[in-house]
Amino acid sequence: MIRTLLIIIFLIIFFIISIPLFLIEWLIGKINPHAKDISSLRIVQTAFKIIRFIGGIHTTVIGYENIPKDKPVLFIGNHRGFFDTIISYSMMPGITGFVAKKEMLNYPFLRTWMKRVYCLFLDRDNIREGLKTILTAIDQVKNGISVFIFPEGTRNKGDELSLLPFHAGSFKIAEKSGCPIVPVALNNTINIFEGHLPYIKKTHVVLEYCSPIYMNEMEKEDRKKIDVYCQKIIKNTIEKNHTLV
């Protein structure tokens with residue numbers, strides 16, 4: 001209960017100080033847009049790291065060296081809980097836009113920060129709008145901005161080692177941009193919050209960045225079924241790391 005209250009208090013304070021921060025960020029952007037992008041990234045990452053600390057979230061990270069540092073990446077991960085984004089984003093080495101559900105636009109301060117760090121908002125009920133989001137993500141990658149997407153499309157509330165089917169459309173981002181795909185496997189994030197609502201509890205999480213995948217180097221059959229191929233990698237990885245939590 002104490003952890004939950006402390007995080008709520010921190011969020012209130014953060015949103016209050018966001019008002020002058022938005023102004024400072026705007027001024028930085030007028031002088032140096034790239035510097036504004038980096039400062040926005042670091043501000044959001046710092047906030048997420050503080051939330052992780054207050055929440056007592058200890059994270060074992062495996063394979064961080066697998067992230068290409070000289071090019072944008074399509075990160076794809078399994079989705080179990082709200083803290084998946086907080087944990088993953090706080091560790092991104094460069095500017096990365098997460099693909100989130102459009103309902104996140106209903107939260108004023110949050111949506112402003114999300115837009116500042118190139119997050120995209122997906123309408124899961126509108127195929128045409130969903131396609132526009134994917135096309136925007138392709139453009140972002142071509143402009144040097146990585147994208148993180150959860151191809152299951154929603155949080156998986158099933159067994160810890162299960163995965164929902166991956167949406168093949170998510171992989172068009174890599175196919176059309178030529179960027180590498182880095183599968184991200186998350187273990188035990190559901191036990192931070194969703195497993196015992198409404199309380200946040202001290203939890204050990206394992207996050208593994210798998211080896212990058214280059215679609216142009218894949219066998220034709222694997223490339224055609226890239227969604228199944230990547231799902232298998234993540235499933236094998238969360239099964240492997242299950243004993244570490």
# chains A, B, ... in the order shown; residues from 1 in each chain; ligands from 1
>>> residues_around(residues="A:Gln45", least_positions_apart="3", cutoff="10 Å", atoms="only C-alpha atoms", output="MDAnalysis selection string")
chainID A and resid 39:42 48:51 86:92
>>> residues_around(residues="A:Val206", least_positions_apart="2", cutoff="9 Å", atoms="only C-alpha atoms", output="PyMOL selection string")
chain A and resi 58-62+185-189+204+208+238+241-242+244-245
>>> residues_around(residues="stretch 114-119 of chain A", least_positions_apart="6", cutoff="8 Å", atoms="only C-alpha atoms", output="list in words")
Asp37, Ser40, Leu41, Ile95, Thr96, Gly97, Phe98, Val99 and Ala100 of chain A
>>> write_last_selection(atoms="N, CA, C and O atoms", output="PDB file, in the first residue's frame")
ATOM      1  N   ASP A  37      14.955  16.411 -28.152  1.00  0.00           N
ATOM      2  CA  ASP A  37      14.577  14.993 -28.187  1.00  0.00           C
ATOM      3  C   ASP A  37      15.322  14.205 -27.117  1.00  0.00           C
ATOM      4  O   ASP A  37      14.728  13.376 -26.410  1.00  0.00           O
ATOM      5  N   SER A  40      14.114  15.214 -23.558  1.00  0.00           N
ATOM      6  CA  SER A  40      12.797  14.623 -23.280  1.00  0.00           C
ATOM      7  C   SER A  40      12.932  13.141 -22.944  1.00  0.00           C
ATOM      8  O   SER A  40      12.306  12.640 -22.002  1.00  0.00           O
ATOM      9  N   LEU A  41      13.760  12.447 -23.718  1.00  0.00           N
ATOM     10  CA  LEU A  41      14.005  11.030 -23.457  1.00  0.00           C
ATOM     11  C   LEU A  41      14.549  10.822 -22.048  1.00  0.00           C
ATOM     12  O   LEU A  41      14.044   9.976 -21.298  1.00  0.00           O
ATOM     13  N   ILE A  95      16.564   7.348 -28.747  1.00  0.00           N
ATOM     14  CA  ILE A  95      15.188   7.823 -28.908  1.00  0.00           C
ATOM     15  C   ILE A  95      14.322   6.695 -29.457  1.00  0.00           C
ATOM     16  O   ILE A  95      14.616   6.106 -30.495  1.00  0.00           O
ATOM     17  N   THR A  96      13.248   6.394 -28.740  1.00  0.00           N
ATOM     18  CA  THR A  96      12.382   5.275 -29.090  1.00  0.00           C
ATOM     19  C   THR A  96      10.933   5.654 -28.840  1.00  0.00           C
ATOM     20  O   THR A  96      10.582   6.107 -27.752  1.00  0.00           O
ATOM     21  N   GLY A  97      10.107   5.468 -29.842  1.00  0.00           N
ATOM     22  CA  GLY A  97       8.682   5.713 -29.685  1.00  0.00           C
ATOM     23  C   GLY A  97       7.927   4.420 -29.459  1.00  0.00           C
ATOM     24  O   GLY A  97       8.064   3.485 -30.247  1.00  0.00           O
ATOM     25  N   PHE A  98       7.174   4.344 -28.389  1.00  0.00           N
ATOM     26  CA  PHE A  98       6.351   3.164 -28.126  1.00  0.00           C
ATOM     27  C   PHE A  98       5.024   3.299 -28.863  1.00  0.00           C
ATOM     28  O   PHE A  98       4.491   4.396 -29.008  1.00  0.00           O
ATOM     29  N   VAL A  99       4.498   2.184 -29.335  1.00  0.00           N
ATOM     30  CA  VAL A  99       3.154   2.162 -29.923  1.00  0.00           C
ATOM     31  C   VAL A  99       2.175   1.829 -28.805  1.00  0.00           C
ATOM     32  O   VAL A  99       2.249   0.757 -28.202  1.00  0.00           O
ATOM     33  N   ALA A 100       1.275   2.763 -28.509  1.00  0.00           N
ATOM     34  CA  ALA A 100       0.323   2.609 -27.413  1.00  0.00           C
ATOM     35  C   ALA A 100      -1.103   2.659 -27.942  1.00  0.00           C
ATOM     36  O   ALA A 100      -1.350   3.124 -29.059  1.00  0.00           O
TER      37      ALA A 100
END
>>> closest_residue(among="A:Phe193, A:Leu163, A:Val141, A:Gly56", to="A:Asp84", atoms="only C-alpha atoms")
A:Phe193
>>> residues_around(residues="A:Leu122", least_positions_apart="6", cutoff="12 Å", atoms="only C-alpha atoms", output="PyMOL selection string")
chain A and resi 98-105+128-137+149-151+153-154+170
>>> select_by_dssp(residues="stretch 22-235 of chain A", states="helix (DSSP H, G or I)", output="JSON, numbers by chain")
{"A": [22, 23, 24, 25, 26, 27, 28, 29, 30, 31, 33, 34, 35, 36, 37, 38, 39, 40, 41, 42, 43, 44, 45, 46, 47, 48, 49, 50, 51, 52, 53, 54, 64, 65, 66, 83, 84, 85, 86, 87, 88, 89, 102, 103, 104, 105, 106, 108, 109, 110, 111, 112, 113, 114, 115, 116, 127, 128, 129, 130, 131, 132, 133, 134, 135, 136, 137, 138, 139, 140, 141, 142, 168, 169, 170, 171, 172, 173, 174, 175, 176, 177, 189, 190, 191, 194, 195, 196, 215, 216, 217, 220, 221, 222, 223, 224, 226, 227, 228, 229, 230, 231, 232, 233, 234, 235]}
>>> atom_distance(atom1="atom CA of A:Leu207", atom2="atom CA of A:Phe83")
12.0 Å
>>> residues_around(residues="A:Lys142", least_positions_apart="5", cutoff="12 Å", atoms="only C-alpha atoms", output="CSV table (one decimal) with C-alpha atoms, in the first residue's frame")
chain,number,residue,atom,x,y,z
A,71,LYS,CA,20.9,2.3,-36.2
A,72,PRO,CA,17.2,2.4,-35.3
A,73,VAL,CA,15.5,-0.8,-34.2
A,74,LEU,CA,12.1,-2.4,-34.1
A,135,LEU,CA,3.1,3.9,-41.9
A,136,THR,CA,4.1,6.6,-39.5
A,137,ALA,CA,6.2,4.2,-37.5
A,147,VAL,CA,10.0,1.8,-32.4
A,173,ILE,CA,7.8,-1.7,-39.8
A,174,ALA,CA,11.0,-3.7,-40.1
A,175,GLU,CA,10.1,-5.1,-43.5
A,176,LYS,CA,9.5,-1.7,-45.2
A,177,SER,CA,12.3,0.2,-43.3
A,178,GLY,CA,15.0,-2.5,-43.4
A,179,CYS,CA,15.7,-2.0,-39.7
A,180,PRO,CA,16.7,-4.9,-37.4
>>> residues_around(residues="A:Tyr229", least_positions_apart="3", cutoff="12 Å", atoms="only C-alpha atoms", output="MDAnalysis selection string")
chainID A and resid 165:166 168 171 181 183 213 215 218:226 232:236
>>> write_last_selection(atoms="C-alpha atoms", output="PDB file, in the first residue's frame")
ATOM      1  CA  PRO A 165      -0.891 -14.574 -31.350  1.00  0.00           C
ATOM      2  CA  PHE A 166       1.365 -11.869 -32.786  1.00  0.00           C
ATOM      3  CA  ALA A 168       1.774  -9.803 -38.518  1.00  0.00           C
ATOM      4  CA  PHE A 171       6.479  -6.483 -38.563  1.00  0.00           C
ATOM      5  CA  ILE A 181      14.187  -6.562 -35.092  1.00  0.00           C
ATOM      6  CA  PRO A 183      12.794  -9.453 -29.575  1.00  0.00           C
ATOM      7  CA  ILE A 213      17.025 -10.284 -36.599  1.00  0.00           C
ATOM      8  CA  MET A 215      14.743  -9.866 -42.356  1.00  0.00           C
ATOM      9  CA  MET A 218      16.351 -14.735 -43.358  1.00  0.00           C
ATOM     10  CA  GLU A 219      15.197 -17.781 -45.272  1.00  0.00           C
ATOM     11  CA  LYS A 220      12.176 -17.024 -47.432  1.00  0.00           C
ATOM     12  CA  GLU A 221       9.786 -19.226 -45.426  1.00  0.00           C
ATOM     13  CA  ASP A 222      10.880 -17.751 -42.099  1.00  0.00           C
ATOM     14  CA  ARG A 223      10.519 -14.244 -43.512  1.00  0.00           C
ATOM     15  CA  LYS A 224       6.957 -14.991 -44.644  1.00  0.00           C
ATOM     16  CA  LYS A 225       6.107 -16.139 -41.108  1.00  0.00           C
ATOM     17  CA  ILE A 226       8.143 -13.558 -39.228  1.00  0.00           C
ATOM     18  CA  LYS A 232       8.787 -18.628 -30.844  1.00  0.00           C
ATOM     19  CA  ILE A 233      11.995 -16.798 -29.868  1.00  0.00           C
ATOM     20  CA  ILE A 234      10.242 -14.835 -27.130  1.00  0.00           C
ATOM     21  CA  LYS A 235       8.356 -17.875 -25.857  1.00  0.00           C
ATOM     22  CA  ASN A 236      11.555 -19.929 -25.632  1.00  0.00           C
TER      23      ASN A 236
END
>>> select_by_dssp(residues="stretch 33-208 of chain A", states="strand (DSSP E)", output="VMD selection string")
chain A and resid 57 to 62 74 to 77 96 to 101 120 to 122 146 to 149 181 to 187 203 to 208
>>> closest_residue(among="A:Val184, A:Ile19, A:Leu27, A:Ile54", to="A:Leu110", atoms="only C-alpha atoms")
A:Ile19
>>> atom_distance(atom1="atom CA of A:Val182", atom2="atom CA of A:Asn66")
7.9 Å
>>> closest_residue(among="A:Ile28, A:Asp159, A:Thr203, A:Phe148", to="A:Gly77", atoms="only C-alpha atoms")
A:Phe148
>>> atom_distance(atom1="atom CA of A:Thr4", atom2="atom CA of A:Leu21")
24.9 Å
>>> decode(residues="stretch 90-103 of chain A", atoms="N, CA and C atoms", output="PDB file, in the first residue's frame")
ATOM      1  N   SER A  90      12.731   2.745 -19.730  1.00  0.00           N
ATOM      2  CA  SER A  90      13.794   3.328 -18.897  1.00  0.00           C
ATOM      3  C   SER A  90      15.169   2.816 -19.294  1.00  0.00           C
ATOM      4  N   MET A  91      15.224   1.784 -20.142  1.00  0.00           N
ATOM      5  CA  MET A  91      16.500   1.188 -20.539  1.00  0.00           C
ATOM      6  C   MET A  91      16.835   1.401 -22.011  1.00  0.00           C
ATOM      7  N   MET A  92      16.009   2.125 -22.737  1.00  0.00           N
ATOM      8  CA  MET A  92      16.282   2.345 -24.149  1.00  0.00           C
ATOM      9  C   MET A  92      17.554   3.171 -24.319  1.00  0.00           C
ATOM     10  N   PRO A  93      18.479   2.726 -25.178  1.00  0.00           N
ATOM     11  CA  PRO A  93      19.732   3.467 -25.350  1.00  0.00           C
ATOM     12  C   PRO A  93      19.578   4.748 -26.168  1.00  0.00           C
ATOM     13  N   GLY A  94      18.527   4.835 -26.958  1.00  0.00           N
ATOM     14  CA  GLY A  94      18.324   6.011 -27.800  1.00  0.00           C
ATOM     15  C   GLY A  94      16.858   6.364 -27.914  1.00  0.00           C
ATOM     16  N   ILE A  95      16.564   7.348 -28.747  1.00  0.00           N
ATOM     17  CA  ILE A  95      15.188   7.823 -28.908  1.00  0.00           C
ATOM     18  C   ILE A  95      14.322   6.695 -29.457  1.00  0.00           C
ATOM     19  N   THR A  96      13.248   6.394 -28.740  1.00  0.00           N
ATOM     20  CA  THR A  96      12.382   5.275 -29.090  1.00  0.00           C
ATOM     21  C   THR A  96      10.933   5.654 -28.840  1.00  0.00           C
ATOM     22  N   GLY A  97      10.107   5.468 -29.842  1.00  0.00           N
ATOM     23  CA  GLY A  97       8.682   5.713 -29.685  1.00  0.00           C
ATOM     24  C   GLY A  97       7.927   4.420 -29.459  1.00  0.00           C
ATOM     25  N   PHE A  98       7.174   4.344 -28.389  1.00  0.00           N
ATOM     26  CA  PHE A  98       6.351   3.164 -28.126  1.00  0.00           C
ATOM     27  C   PHE A  98       5.024   3.299 -28.863  1.00  0.00           C
ATOM     28  N   VAL A  99       4.498   2.184 -29.335  1.00  0.00           N
ATOM     29  CA  VAL A  99       3.154   2.162 -29.923  1.00  0.00           C
ATOM     30  C   VAL A  99       2.175   1.829 -28.805  1.00  0.00           C
ATOM     31  N   ALA A 100       1.275   2.763 -28.509  1.00  0.00           N
ATOM     32  CA  ALA A 100       0.323   2.609 -27.413  1.00  0.00           C
ATOM     33  C   ALA A 100      -1.103   2.659 -27.942  1.00  0.00           C
ATOM     34  N   LYS A 101      -2.030   2.197 -27.147  1.00  0.00           N
ATOM     35  CA  LYS A 101      -3.435   2.270 -27.543  1.00  0.00           C
ATOM     36  C   LYS A 101      -3.896   3.724 -27.532  1.00  0.00           C
ATOM     37  N   LYS A 102      -4.839   4.054 -28.410  1.00  0.00           N
ATOM     38  CA  LYS A 102      -5.262   5.452 -28.571  1.00  0.00           C
ATOM     39  C   LYS A 102      -5.898   6.023 -27.304  1.00  0.00           C
ATOM     40  N   GLU A 103      -6.375   5.159 -26.410  1.00  0.00           N
ATOM     41  CA  GLU A 103      -6.999   5.627 -25.167  1.00  0.00           C
ATOM     42  C   GLU A 103      -6.021   6.420 -24.305  1.00  0.00           C
TER      43      GLU A 103
END
